[in-house]
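Novice: Got a structure for you, questions after.
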Amino acid sequence: MADAKRRDTTSSITTRRETTSSATRKHRIAVLAMPQVIPFELGIPHRIFGRAFSPGGDHLYEVVTCAPTPGFVQPEADFSLYIEHGPEALAEADTVIVPAAYEPDVLYQEGRLPEELAQAFRHVRPGTRMASICTGSFVLAAAGYLDGRPATTHWHWADLFQRLFPSVKVDPDVLYIDDGDVLTSAGVAAGIDLCVHMVRRDHGAAVANDVARRSVVPPHREGGQAQYIQRPLPEAQLATTTTARGWALGRLHEPIQLRDMAEQESMSVRTFTRRFREEVGVSPGQWLTQQRVERARHLLESTELSVDQVARDAGFGTAQSMRQHLQAVLGVPPTVYRRTFRAGVLNDSGLGGG
């Protein structure tokens with residue numbers, strides 16, 4: 001499964017770049033609004049993909065909201081939404097995103113799509129990228145997109161999800177899962193993480209980081225990070241690990257030992273490690289690797305530094321070490337990653353050749 005996922009991801013990097021670098025057509029995303037849709041989650045794709053721009057300032061995506069039946073849709077709120085587009089919008093989509101909704105009941109009681117929703121999904125073209133936010137995973141599973149595949153959903157609904165769809169390989173602990181052409185996320189803010197991840201996968205770290213800055217959200221959280229942390233906010237009288245993280249980010253190019261980070265907070269290594277995981281959801285070592293991968297991606301996209309120099313500046317020490325980490329995370333070596341995204345940036349800026 002891991003090899004298949006890497007193949008899907010590698011293929012999608014090239015395919016998405018070829019598609020979205022075209023000046024004649026933006027990547028179209030259809031967001032499906034069902035009765036009792038959660039307004040916050042319905043708006044996430046518009047906010048994230050709508051803020052993705054090429055270096056020349058052009059929108060990279062076109063986001064369209066649709067419903068099984070166009071017209072008024074009652075969300076999980078005290079107001080109504082008017083959805084102009086019907087299911088035909090699904091037929092024109094390159095990506096379909098299904099946010100959480102708590103109707104219809106048959107979906108959550110029997111694990112099958114009601115006929116109106118089933119008819120809507122018949123418009124989806126083969127090969128369309130599918131994604132869900134929170135319990136939108138129930139819809140993808142009922143439509144057959146998750147059979148035999150890994151997926152996640154909000155941790156509160158994970159047990160029911162697994163009972164209704166036993167063929168799905170449910171992981172209730174992670175923020176999101178990228179399985180190539182099908183992606184699923186946990187609830188609420190994890191939907192933001194997923195959408196930023198998709199922008200990053202399509203257009204690279206520079207565009208995704210710009211989207212995150214515009215939206216004032218974290219630029220990157222790994223999908224494997226825990227979705228439920230026992231103490232998400234530290235108690236007022238307890239010190240945090242914020243200073244240590246800032247200190248480490250300023251010297252990623254240097255060797256950083258766990259004890260060095262712990263000393264920034266005047267903690268023992270054991271206490272620091274426990275507090276760090278409680279706050280961030282991963283170990284200090286995992287977090288450092290994530291930050292170094294992000295640093296390497298940024299340098300590969302935005303500079304002409306050699307692979308050896310990028311490896312040193314990102315803190316991997318050697319090109320071989322960086323290559324192993326990028327291959328594990330991205331499914332491609334540094335040279336392929338640079339060629340894919342660097343060429344796209346040059347073309348979008350009008351600086352590259354045809």
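Letters A, B, ... mark the chains of the structure tokens in the order given; residue numbers begin at 1 per chain; ligand numbers begin at 1, in order shown.
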Would you mind writing down, as a list in words, each residue of range 100-236 of chain A that DSSP on the backbone assigns to strand (DSSP E)?
Specialist: Arg129, Met130, Ala131, Ser132, Ile133, Pro150, Ala151, Lys169, Val170, Tyr176, Ile177, Asp178, Val182, Leu183, Thr184 and Ser185 of chain A
Novice: Deliver the residues from the most recent selection as a file, using N, CA and C atoms, as a PDB file, in the first residue's frame.
Specialist:
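Written output follows (selection-v6.pdb):
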ATOM      1  N   ARG A 129     -10.269  13.279  -8.424  1.00  0.00           N
ATOM      2  CA  ARG A 129      -9.736  13.199  -7.063  1.00  0.00           C
ATOM      3  C   ARG A 129     -10.876  13.452  -6.081  1.00  0.00           C
ATOM      4  N   MET A 130     -10.984  12.588  -5.069  1.00  0.00           N
ATOM      5  CA  MET A 130     -12.060  12.677  -4.086  1.00  0.00           C
ATOM      6  C   MET A 130     -11.476  12.968  -2.711  1.00  0.00           C
ATOM      7  N   ALA A 131     -12.155  13.826  -1.959  1.00  0.00           N
ATOM      8  CA  ALA A 131     -11.684  14.171  -0.620  1.00  0.00           C
ATOM      9  C   ALA A 131     -12.877  14.396   0.293  1.00  0.00           C
ATOM     10  N   SER A 132     -12.663  14.157   1.589  1.00  0.00           N
ATOM     11  CA  SER A 132     -13.724  14.380   2.569  1.00  0.00           C
ATOM     12  C   SER A 132     -13.173  15.111   3.775  1.00  0.00           C
ATOM     13  N   ILE A 133     -14.056  15.863   4.416  1.00  0.00           N
ATOM     14  CA  ILE A 133     -13.740  16.541   5.667  1.00  0.00           C
ATOM     15  C   ILE A 133     -14.652  15.980   6.741  1.00  0.00           C
ATOM     16  N   PRO A 150      -7.072   2.906   3.159  1.00  0.00           N
ATOM     17  CA  PRO A 150      -6.963   3.577   4.460  1.00  0.00           C
ATOM     18  C   PRO A 150      -7.757   4.878   4.451  1.00  0.00           C
ATOM     19  N   ALA A 151      -8.351   5.204   5.583  1.00  0.00           N
ATOM     20  CA  ALA A 151      -9.148   6.431   5.689  1.00  0.00           C
ATOM     21  C   ALA A 151      -9.248   6.827   7.145  1.00  0.00           C
ATOM     22  N   LYS A 169      -9.970   0.582   5.948  1.00  0.00           N
ATOM     23  CA  LYS A 169      -8.901   0.497   6.945  1.00  0.00           C
ATOM     24  C   LYS A 169      -8.865   1.812   7.733  1.00  0.00           C
ATOM     25  N   VAL A 170      -9.644   1.872   8.782  1.00  0.00           N
ATOM     26  CA  VAL A 170      -9.855   3.122   9.516  1.00  0.00           C
ATOM     27  C   VAL A 170      -8.709   3.394  10.483  1.00  0.00           C
ATOM     28  N   TYR A 176      -5.174  13.520   8.822  1.00  0.00           N
ATOM     29  CA  TYR A 176      -5.680  13.240   7.479  1.00  0.00           C
ATOM     30  C   TYR A 176      -4.851  12.137   6.851  1.00  0.00           C
ATOM     31  N   ILE A 177      -5.415  11.524   5.816  1.00  0.00           N
ATOM     32  CA  ILE A 177      -4.738  10.462   5.076  1.00  0.00           C
ATOM     33  C   ILE A 177      -4.799  10.795   3.594  1.00  0.00           C
ATOM     34  N   ASP A 178      -3.641  10.785   2.969  1.00  0.00           N
ATOM     35  CA  ASP A 178      -3.524  10.985   1.525  1.00  0.00           C
ATOM     36  C   ASP A 178      -3.244   9.622   0.899  1.00  0.00           C
ATOM     37  N   VAL A 182      -7.637   9.575  -3.398  1.00  0.00           N
ATOM     38  CA  VAL A 182      -8.684   9.688  -2.383  1.00  0.00           C
ATOM     39  C   VAL A 182      -8.038  10.151  -1.076  1.00  0.00           C
ATOM     40  N   LEU A 183      -8.575  11.239  -0.515  1.00  0.00           N
ATOM     41  CA  LEU A 183      -8.030  11.802   0.717  1.00  0.00           C
ATOM     42  C   LEU A 183      -9.152  12.000   1.718  1.00  0.00           C
ATOM     43  N   THR A 184      -8.874  11.734   2.981  1.00  0.00           N
ATOM     44  CA  THR A 184      -9.863  11.893   4.040  1.00  0.00           C
ATOM     45  C   THR A 184      -9.226  12.635   5.208  1.00  0.00           C
ATOM     46  N   SER A 185     -10.042  13.368   5.966  1.00  0.00           N
ATOM     47  CA  SER A 185      -9.502  14.108   7.106  1.00  0.00           C
ATOM     48  C   SER A 185     -10.399  13.941   8.319  1.00  0.00           C
TER      49      SER A 185
END
Novice: Can you tell me which residues surround Phe121 in chain A at a distance of at most 12 Å, considering only C-alpha atoms, apart from same-chain residues fewer than 4 positions away, and format the answer as JSON, numbers by chain?
Specialist: {"A": [30, 32, 66, 67, 68, 86, 87, 88, 89, 90, 91, 93, 96, 97, 98, 113, 114, 115, 116, 117, 125, 126, 128, 130, 139, 140, 142, 143, 144, 145]}
Novice: Could you dump the residues just selected with N, CA and C atoms as an mmCIF file, in the first residue's frame?
Specialist:
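The result, written out as part_2.cif:
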data_model
loop_
_atom_site.group_PDB
_atom_site.id
_atom_site.type_symbol
_atom_site.label_atom_id
_atom_site.label_comp_id
_atom_site.auth_asym_id
_atom_site.auth_seq_id
_atom_site.Cartn_x
_atom_site.Cartn_y
_atom_site.Cartn_z
ATOM 1 N N ALA A 30 -15.238 20.959 -6.898
ATOM 2 C CA ALA A 30 -16.668 20.988 -6.568
ATOM 3 C C ALA A 30 -16.835 20.583 -5.110
ATOM 4 N N LEU A 32 -19.524 19.611 -2.254
ATOM 5 C CA LEU A 32 -20.891 19.101 -2.206
ATOM 6 C C LEU A 32 -21.565 19.483 -0.888
ATOM 7 N N CYS A 66 -21.978 22.903 -4.941
ATOM 8 C CA CYS A 66 -23.142 22.306 -5.578
ATOM 9 C C CYS A 66 -23.918 21.487 -4.554
ATOM 10 N N ALA A 67 -25.113 21.073 -4.926
ATOM 11 C CA ALA A 67 -25.976 20.278 -4.057
ATOM 12 C C ALA A 67 -26.651 19.203 -4.897
ATOM 13 N N PRO A 68 -27.104 18.113 -4.278
ATOM 14 C CA PRO A 68 -27.839 17.096 -5.040
ATOM 15 C C PRO A 68 -29.035 17.687 -5.777
ATOM 16 N N GLY A 86 -26.301 22.457 -9.304
ATOM 17 C CA GLY A 86 -26.766 21.115 -9.018
ATOM 18 C C GLY A 86 -25.670 20.096 -9.246
ATOM 19 N N PRO A 87 -26.010 18.806 -9.287
ATOM 20 C CA PRO A 87 -25.009 17.738 -9.384
ATOM 21 C C PRO A 87 -24.228 17.736 -10.685
ATOM 22 N N GLU A 88 -24.691 18.460 -11.692
ATOM 23 C CA GLU A 88 -23.934 18.508 -12.941
ATOM 24 C C GLU A 88 -22.552 19.125 -12.741
ATOM 25 N N ALA A 89 -22.395 19.913 -11.680
ATOM 26 C CA ALA A 89 -21.076 20.489 -11.392
ATOM 27 C C ALA A 89 -20.056 19.416 -11.054
ATOM 28 N N LEU A 90 -20.526 18.283 -10.537
ATOM 29 C CA LEU A 90 -19.609 17.185 -10.206
ATOM 30 C C LEU A 90 -18.963 16.615 -11.460
ATOM 31 N N ALA A 91 -19.680 16.661 -12.580
ATOM 32 C CA ALA A 91 -19.165 16.104 -13.824
ATOM 33 C C ALA A 91 -18.020 16.935 -14.393
ATOM 34 N N ALA A 93 -15.766 18.526 -12.422
ATOM 35 C CA ALA A 93 -14.769 18.720 -11.367
ATOM 36 C C ALA A 93 -13.531 17.858 -11.586
ATOM 37 N N VAL A 96 -13.435 16.570 -6.106
ATOM 38 C CA VAL A 96 -14.705 16.695 -5.385
ATOM 39 C C VAL A 96 -14.412 16.617 -3.892
ATOM 40 N N ILE A 97 -14.917 17.579 -3.132
ATOM 41 C CA ILE A 97 -14.723 17.595 -1.685
ATOM 42 C C ILE A 97 -16.089 17.498 -1.010
ATOM 43 N N VAL A 98 -16.190 16.568 -0.054
ATOM 44 C CA VAL A 98 -17.446 16.355 0.668
ATOM 45 C C VAL A 98 -17.231 16.744 2.131
ATOM 46 N N LEU A 113 -26.006 5.229 0.581
ATOM 47 C CA LEU A 113 -26.420 6.541 0.102
ATOM 48 C C LEU A 113 -27.915 6.553 -0.211
ATOM 49 N N PRO A 114 -28.610 7.618 0.179
ATOM 50 C CA PRO A 114 -29.985 7.763 -0.303
ATOM 51 C C PRO A 114 -29.971 7.962 -1.814
ATOM 52 N N GLU A 115 -31.060 7.672 -2.454
ATOM 53 C CA GLU A 115 -31.082 7.640 -3.907
ATOM 54 C C GLU A 115 -30.682 8.976 -4.534
ATOM 55 N N GLU A 116 -31.135 10.079 -3.959
ATOM 56 C CA GLU A 116 -30.803 11.393 -4.533
ATOM 57 C C GLU A 116 -29.290 11.611 -4.535
ATOM 58 N N LEU A 117 -28.635 11.223 -3.448
ATOM 59 C CA LEU A 117 -27.192 11.395 -3.353
ATOM 60 C C LEU A 117 -26.476 10.410 -4.269
ATOM 61 N N ARG A 125 -16.791 11.898 -12.772
ATOM 62 C CA ARG A 125 -16.031 11.201 -13.813
ATOM 63 C C ARG A 125 -14.993 10.265 -13.195
ATOM 64 N N PRO A 126 -14.695 9.142 -13.847
ATOM 65 C CA PRO A 126 -13.603 8.280 -13.376
ATOM 66 C C PRO A 126 -12.296 9.062 -13.342
ATOM 67 N N THR A 128 -11.497 11.253 -11.061
ATOM 68 C CA THR A 128 -11.618 12.492 -10.292
ATOM 69 C C THR A 128 -11.027 12.301 -8.901
ATOM 70 N N MET A 130 -10.984 12.588 -5.069
ATOM 71 C CA MET A 130 -12.060 12.677 -4.086
ATOM 72 C C MET A 130 -11.476 12.968 -2.711
ATOM 73 N N VAL A 139 -19.820 9.462 3.327
ATOM 74 C CA VAL A 139 -20.346 9.553 1.965
ATOM 75 C C VAL A 139 -19.407 8.848 0.990
ATOM 76 N N LEU A 140 -18.109 9.129 1.102
ATOM 77 C CA LEU A 140 -17.160 8.475 0.195
ATOM 78 C C LEU A 140 -17.173 6.964 0.379
ATOM 79 N N ALA A 142 -19.701 5.076 1.533
ATOM 80 C CA ALA A 142 -20.958 4.537 1.019
ATOM 81 C C ALA A 142 -20.984 4.519 -0.504
ATOM 82 N N ALA A 143 -20.255 5.458 -1.117
ATOM 83 C CA ALA A 143 -20.197 5.508 -2.578
ATOM 84 C C ALA A 143 -19.171 4.536 -3.145
ATOM 85 N N GLY A 144 -18.418 3.841 -2.264
ATOM 86 C CA GLY A 144 -17.487 2.814 -2.715
ATOM 87 C C GLY A 144 -16.074 3.277 -2.954
ATOM 88 N N TYR A 145 -15.758 4.543 -2.658
ATOM 89 C CA TYR A 145 -14.424 5.054 -2.943
ATOM 90 C C TYR A 145 -13.367 4.587 -1.936
#
Novice: With distances taken over only C-alpha atoms, which residue among A:Ala205, A:Ile48, A:Ala262, A:Ala248 lies nearest Tyr337 in chain A?
Specialist: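 Comparing A:Ala205, A:Ile48, A:Ala262, A:Ala248 against Tyr337 in chain A, the winner is A:Ala205.
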Novice: To test your reading of the structure, identify every residue in range 68-170 of chain A that backbone DSSP assigns to helix (DSSP H, G or I), and report it as a VMD selection string.
Specialist: chain A and resid 88 to 91 105 to 110 115 to 121 136 to 142 155 to 164
Novice: What does the structure give for the distance between CA of Leu249 in chain A and CA of Leu288 in chain A, in Å to one decimal?
Specialist: 8.5 Å
Novice: Quick one: residues within 10 Å of Trp247 in chain A, only C-alpha atoms, excluding same-chain residues fewer than 4 positions away - as a ChimeraX atom specification?
Specialist: /A:242-243,251-252,260-261,264
Novice: For Glu279 in chain A, which residue out of A:Arg245, A:Asp193, A:Val168, A:Gly317 is the nearest one, using only C-alpha atoms?
Specialist: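 Nearest to Glu279 in chain A: A:Arg245.
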Novice: Do you have the CA of Thr65 in chain A-CA of Glu103 in chain A distance handy?
Specialist: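 Going from CA of Thr65 in chain A over to CA of Glu103 in chain A, I get 17.6 Å.
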Novice: In Å, with one decimal, what is the gap from CA of Gly111 in chain A to CA of Phe161 in chain A?
Specialist: 8.4 Å
Novice: Of the candidates A:Ala319, A:Ala244, A:Leu305, A:Val207, which shows the shortest atom-to-atom distance to Gly57 in chain A, using only C-alpha atoms?
Specialist: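 So, comparing all the options, the nearest one is A:Val207.
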